[in-house]
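Notes follow once the structure below has been shown.
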Amino acid sequence: MADSETGQIDNVMQEDRLFPPSEQFCQNAAIGSMDDYQALYDAAKNDPDKFWGETAREELHWFEPFDTVCNHDGSHVEWFVGGKTNISYNCLDANIAAGNGDRLAIIWEGEPGDTRTLTYKQLLTEVCKFSNVLTGQGVGVGDVVSIYMPMTPELAIAMLACTRIGAIHSVIFAGFSAEAIADRNNDASAKVQITSDGLFRRGKTLPLKDTVNAALEKSPTVECCIVLQRAKNDCAMQAGRDYWWHELMEDASADCPALPLDSEATSFILYTSGSTGKPKGIRHTTAGYNLWTKKTFQWVFDWKPEDIYWCTADCGWITGHSYIVYGPMSNGATCLMYEGAPNHPAPDRFWDVVQRHKVTILYTAPTAIRAFVKWGDEHIDKHDISSLRLLGTVGEGINPDTWIWYHEKIGGEKCPIVDTWWQTETGGIMMSPLPGATATKPGSCTLPLPGVVPVIVDEGLHPVETNHGGMLCMAQPWPGMLRGIWGDEKRFQEQYWSTFPGNYLTGDNARVDDDGYYWIMGRIDDVINVSGHRLSTIEVESALVSHDKVAECAAVGRPHDLKGQAICVFVTVKDAQAGEALRDELRLHVRKEIGALAVPDDIRFTDGLPKTRSGKIMRRLLRDIAAGRQAAGDVSTLEDFSVLAKLSEDQE
Ligand code: WTA
């Protein structure tokens, strides 16, 4: 049967390199062998109530104990029912009670080079004061607070203040337009807006408050706006609505006990773009989310109290929520937070930061790693980055050759790499190597974490064979899972639960190899169907990226009379001559790497690829361009409009 009939996907990528953790790493790791991993995995799978009940009692502070570990009925899931806890308490008060109040919680560096540190005690004081500021503005349990701020400590303070008093935060990445803010504010009925006068980006000041002013004209539910003074640029303040952060903080009391909240109380909503239609507000809760981020942080990063941990994401994304603020802080970790661009004032900024702050764990995205490869090794060679002991990636698949570069150039061949697969919806990491246990394979997110039970099915909902791709689903609930889409139960059901009833549909394709390792093959909508063979985008792209002259690549299908679809690839080159000769070279290279089937029909060179603001390639827009159509659908999340304009022009 052809793949197009079963909906299975061909696997054309062959990757045999295997990197076991060093003996030394294993010896010092909390989970130091595959036997340890397997024991944990089995315990969570065989008796989830016992496993998660005990873990929750150990890891979280309970104002009132829960009486049921988990209730679930299809998409309706509740964890730790009847219990009361507080995320802000678990991140702050609990660390202080454990004697770690003087440990640094945040080491912050601004783009201009200014720095600031906050111990857990100092952070608690700021959070309590800001909680009282919010209460003073009439914010109470269940009210939505919209946050549109630069990566400053105050962004984390605002988030922790909301969760302290039971307010629901909705953080909006500070690169979105006024229109996008207003849409999100209206969807959530936000009551208060928090922002700053401006933010620094590549040496320029961006006027955030001007953007917010325009958004608030169309956000009728927002009653007040609190403005952090960051860039000291002029901005219009509306009397009676707008207040300066520092003025309100002056009189605020530092006494604000954390409010006991129901396990299932909504902690935050975070908007994520659908490929079409309006953005959806993913809704997370209190106890389950807190526990999931806390445990996964321990497992995946093998965190130790002396680590200096740096996650380069922005708090505007789920990675920032779960692995800058809530996961690390509920463990008492020291987190580095950086405000600006990776190439300001020069392309060595990250390595300069790593060296000066002696960063030990670095968690970043493939899009950033590909940029570092393109910028050249000389920027890394200038710095001593030997403090690093563990590396992570998230957000997209990592091409094996990019992985190898990360391993050699940044990891000095000694740091394990954790390729973490997860989603805004999953709350935290779902599949990842455990650095002291799992032998890694470049390009694979390896194995599910304890509590994660994946299944991969074809379009007929039959489990696929080993090494064949299909739809990745989750057969069992886990504590960190989303509980809904804000105000849109119908979309929640349709999107995640109706395709394979009783199972959560991730929207990604994946395959399992002979060793039981998972390989993510891209979004379900991105599959390319050539002559009845279904190919995954990442495999075609990885073949091209393994060519020395290619920096980045995106593969999409376009309609073709005979084959169904033809493969069109968009390629950015390192510093090579893009032209017919290179096209021939690349065709040959793909033929050699994966075979004739995957040889691209069109190879289009470009200076840049359209990406979301969090760095993911927007293949949907490229599909339109490849087919000679006007790029349609929601483009509000596009990072750089000029890239799209340029690609569309090239075609005329
Ligand atoms: C993709 C980010 C391959 C995937 C935490 C997923 C990945 C989507 C990986 C979620 C990875 C994320 N390997 N693909 N390690 N990590 N993805 O909601 O398609 O911004 O469904 O959450 O990113 O993106 P989101």
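Chain lettering (A, B, ...) mirrors the order of the structure tokens, residue numbering begins at 1 for each chain separately, and ligand numbering begins at 1 in order of display.
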Do a neighbour search on segment 394-407 of chain A at 9 Å with only C-alpha atoms, toss out local chain neighbours closer than 3 positions, and write the hits as number ranges by chain. A: 15, 319, 363-367, 369-370, 373, 391, 410-423, 441-445, 519-522, 538-539, 541-543, 545-547, 614-617
Please provide as a VMD selection string all residues within 7 Å of segment 475-491 of chain A, with the sequence filter that same-chain residues fewer than 6 positions apart are discarded (counting only C-alpha atoms). chain A and resid 77 79 280 to 284 288 to 289 292 425 to 428 451 to 455 503 to 504
Output for the residues just chosen: N, CA and C atoms as a short mmCIF file (atom, residue, chain, number, x, y, z; two decimals), in the first residue's frame:
```cif
data_model
loop_
_atom_site.label_atom_id
_atom_site.label_comp_id
_atom_site.auth_asym_id
_atom_site.auth_seq_id
_atom_site.Cartn_x
_atom_site.Cartn_y
_atom_site.Cartn_z
N VAL A 77 -9.56 16.91 32.42
CA VAL A 77 -8.55 16.35 33.32
C VAL A 77 -8.37 17.27 34.53
N TRP A 79 -5.93 17.49 38.24
CA TRP A 79 -4.86 16.88 39.05
C TRP A 79 -4.87 17.46 40.46
N LYS A 280 -4.77 31.48 19.89
CA LYS A 280 -5.53 30.81 20.95
C LYS A 280 -4.83 30.96 22.29
N GLY A 281 -5.62 31.21 23.32
CA GLY A 281 -5.09 31.39 24.66
C GLY A 281 -5.01 30.05 25.37
N ILE A 282 -3.81 29.48 25.42
CA ILE A 282 -3.63 28.18 26.06
C ILE A 282 -3.71 28.38 27.58
N ARG A 283 -4.58 27.58 28.24
CA ARG A 283 -4.84 27.81 29.66
C ARG A 283 -4.14 26.74 30.51
N HIS A 284 -3.30 27.20 31.43
CA HIS A 284 -2.63 26.29 32.36
C HIS A 284 -3.12 26.52 33.79
N GLY A 288 -0.58 21.15 38.97
CA GLY A 288 -0.04 20.24 37.97
C GLY A 288 1.06 20.90 37.16
N TYR A 289 0.82 22.13 36.73
CA TYR A 289 1.81 22.86 35.94
C TYR A 289 3.08 23.07 36.77
N TRP A 292 5.00 19.80 37.18
CA TRP A 292 5.61 19.34 35.92
C TRP A 292 6.87 20.14 35.60
N GLU A 425 1.32 23.87 24.80
CA GLU A 425 0.20 23.10 25.36
C GLU A 425 0.64 22.09 26.42
N THR A 426 1.85 21.55 26.29
CA THR A 426 2.25 20.49 27.22
C THR A 426 2.79 21.06 28.53
N GLY A 427 3.01 22.36 28.59
CA GLY A 427 3.43 23.02 29.83
C GLY A 427 4.91 22.85 30.13
N GLY A 428 5.46 21.72 29.80
CA GLY A 428 6.88 21.47 30.06
C GLY A 428 7.38 20.38 29.13
N GLY A 451 5.93 9.55 32.98
CA GLY A 451 4.60 10.16 32.94
C GLY A 451 4.11 10.46 31.53
N VAL A 452 5.01 10.30 30.55
CA VAL A 452 4.65 10.60 29.16
C VAL A 452 4.48 9.28 28.40
N VAL A 453 3.30 9.07 27.83
CA VAL A 453 3.02 7.83 27.11
C VAL A 453 2.60 8.15 25.68
N PRO A 454 3.58 8.25 24.77
CA PRO A 454 3.26 8.62 23.39
C PRO A 454 2.73 7.43 22.59
N VAL A 455 1.90 7.72 21.59
CA VAL A 455 1.54 6.73 20.58
C VAL A 455 1.61 7.42 19.22
N ASN A 503 -7.21 10.50 23.14
CA ASN A 503 -5.77 10.77 23.07
C ASN A 503 -5.56 12.24 22.71
N TYR A 504 -4.50 12.82 23.23
CA TYR A 504 -4.16 14.21 22.91
C TYR A 504 -3.36 14.23 21.60
#
```
Env of Thr360 of chain A: 8 Å cut, atoms = only C-alpha atoms, seq-sep filter 6 positions within chain, self excluded. Answer as an MDAnalysis selection string. chainID A and resid 307:310 387:390
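The coordinates place atom CA of Ala158 of chain A at 6.9 Å from atom CA of Phe130 of chain A.
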Surrounding residues of Asp35 of chain A excluding itself and chain neighbours under 4 positions, 12 Å, only C-alpha atoms, as a ChimeraX atom specification: /A:31,39-42,434,436-438
Please list as an NGL selection string every residue within 8 Å of segment 177-187 of chain A, counting only C-alpha atoms and excluding residues in the same chain fewer than 6 positions away. :A and (146 or 211-212 or 214-216 or 218-222 or 271 or 279 or 486-487 or 636)
Write to file, as a PDB file, in the first residue's frame, the residues of the selection just made, with N, CA, C and O atoms.
```pdb
ATOM      1  N   SER A 146      -2.393  41.686  31.700  1.00  0.00           N
ATOM      2  CA  SER A 146      -1.668  41.572  30.439  1.00  0.00           C
ATOM      3  C   SER A 146      -0.271  42.179  30.616  1.00  0.00           C
ATOM      4  O   SER A 146      -0.130  43.298  31.105  1.00  0.00           O
ATOM      5  N   THR A 211       3.281  51.822  21.581  1.00  0.00           N
ATOM      6  CA  THR A 211       2.539  50.688  21.020  1.00  0.00           C
ATOM      7  C   THR A 211       1.375  50.328  21.947  1.00  0.00           C
ATOM      8  O   THR A 211       0.246  50.099  21.491  1.00  0.00           O
ATOM      9  N   VAL A 212       1.664  50.312  23.254  1.00  0.00           N
ATOM     10  CA  VAL A 212       0.608  49.984  24.215  1.00  0.00           C
ATOM     11  C   VAL A 212      -0.495  51.047  24.187  1.00  0.00           C
ATOM     12  O   VAL A 212      -1.690  50.723  24.249  1.00  0.00           O
ATOM     13  N   ALA A 214      -1.547  52.725  21.708  1.00  0.00           N
ATOM     14  CA  ALA A 214      -2.414  52.434  20.559  1.00  0.00           C
ATOM     15  C   ALA A 214      -3.270  51.203  20.849  1.00  0.00           C
ATOM     16  O   ALA A 214      -4.463  51.170  20.510  1.00  0.00           O
ATOM     17  N   ALA A 215      -2.687  50.194  21.511  1.00  0.00           N
ATOM     18  CA  ALA A 215      -3.441  48.972  21.822  1.00  0.00           C
ATOM     19  C   ALA A 215      -4.575  49.279  22.801  1.00  0.00           C
ATOM     20  O   ALA A 215      -5.686  48.757  22.666  1.00  0.00           O
ATOM     21  N   LEU A 216      -4.288  50.148  23.792  1.00  0.00           N
ATOM     22  CA  LEU A 216      -5.291  50.398  24.831  1.00  0.00           C
ATOM     23  C   LEU A 216      -6.494  51.177  24.293  1.00  0.00           C
ATOM     24  O   LEU A 216      -7.586  51.084  24.831  1.00  0.00           O
ATOM     25  N   LYS A 218      -7.989  50.339  21.857  1.00  0.00           N
ATOM     26  CA  LYS A 218      -8.909  49.285  21.386  1.00  0.00           C
ATOM     27  C   LYS A 218      -9.071  48.173  22.408  1.00  0.00           C
ATOM     28  O   LYS A 218      -9.475  47.060  22.052  1.00  0.00           O
ATOM     29  N   SER A 219      -8.666  48.428  23.661  1.00  0.00           N
ATOM     30  CA  SER A 219      -8.805  47.400  24.705  1.00  0.00           C
ATOM     31  C   SER A 219      -9.707  47.929  25.814  1.00  0.00           C
ATOM     32  O   SER A 219      -9.222  48.328  26.873  1.00  0.00           O
ATOM     33  N   PRO A 220     -11.030  47.949  25.590  1.00  0.00           N
ATOM     34  CA  PRO A 220     -11.924  48.620  26.538  1.00  0.00           C
ATOM     35  C   PRO A 220     -11.945  48.018  27.944  1.00  0.00           C
ATOM     36  O   PRO A 220     -12.307  48.709  28.891  1.00  0.00           O
ATOM     37  N   THR A 221     -11.547  46.747  28.092  1.00  0.00           N
ATOM     38  CA  THR A 221     -11.621  46.144  29.427  1.00  0.00           C
ATOM     39  C   THR A 221     -10.465  46.573  30.326  1.00  0.00           C
ATOM     40  O   THR A 221     -10.531  46.409  31.539  1.00  0.00           O
ATOM     41  N   VAL A 222      -9.387  47.118  29.740  1.00  0.00           N
ATOM     42  CA  VAL A 222      -8.208  47.466  30.544  1.00  0.00           C
ATOM     43  C   VAL A 222      -8.461  48.782  31.281  1.00  0.00           C
ATOM     44  O   VAL A 222      -8.701  49.819  30.664  1.00  0.00           O
ATOM     45  N   TYR A 271      -0.913  33.067  24.701  1.00  0.00           N
ATOM     46  CA  TYR A 271      -1.439  32.984  23.336  1.00  0.00           C
ATOM     47  C   TYR A 271      -0.404  32.380  22.406  1.00  0.00           C
ATOM     48  O   TYR A 271       0.770  32.728  22.445  1.00  0.00           O
ATOM     49  N   PRO A 279      -5.304  33.875  17.271  1.00  0.00           N
ATOM     50  CA  PRO A 279      -4.452  33.171  18.220  1.00  0.00           C
ATOM     51  C   PRO A 279      -5.280  32.559  19.341  1.00  0.00           C
ATOM     52  O   PRO A 279      -6.364  33.058  19.663  1.00  0.00           O
ATOM     53  N   TRP A 486      -8.705  29.385  26.216  1.00  0.00           N
ATOM     54  CA  TRP A 486      -9.487  30.411  26.916  1.00  0.00           C
ATOM     55  C   TRP A 486     -10.730  30.787  26.101  1.00  0.00           C
ATOM     56  O   TRP A 486     -10.606  31.217  24.954  1.00  0.00           O
ATOM     57  N   GLY A 487     -11.896  30.544  26.682  1.00  0.00           N
ATOM     58  CA  GLY A 487     -13.149  30.977  26.048  1.00  0.00           C
ATOM     59  C   GLY A 487     -13.513  30.239  24.775  1.00  0.00           C
ATOM     60  O   GLY A 487     -14.359  30.714  24.017  1.00  0.00           O
ATOM     61  N   SER A 636       0.453  37.829  11.589  1.00  0.00           N
ATOM     62  CA  SER A 636       0.767  38.744  12.692  1.00  0.00           C
ATOM     63  C   SER A 636       1.963  38.263  13.511  1.00  0.00           C
ATOM     64  O   SER A 636       2.592  39.037  14.210  1.00  0.00           O
TER      65      SER A 636
END
```
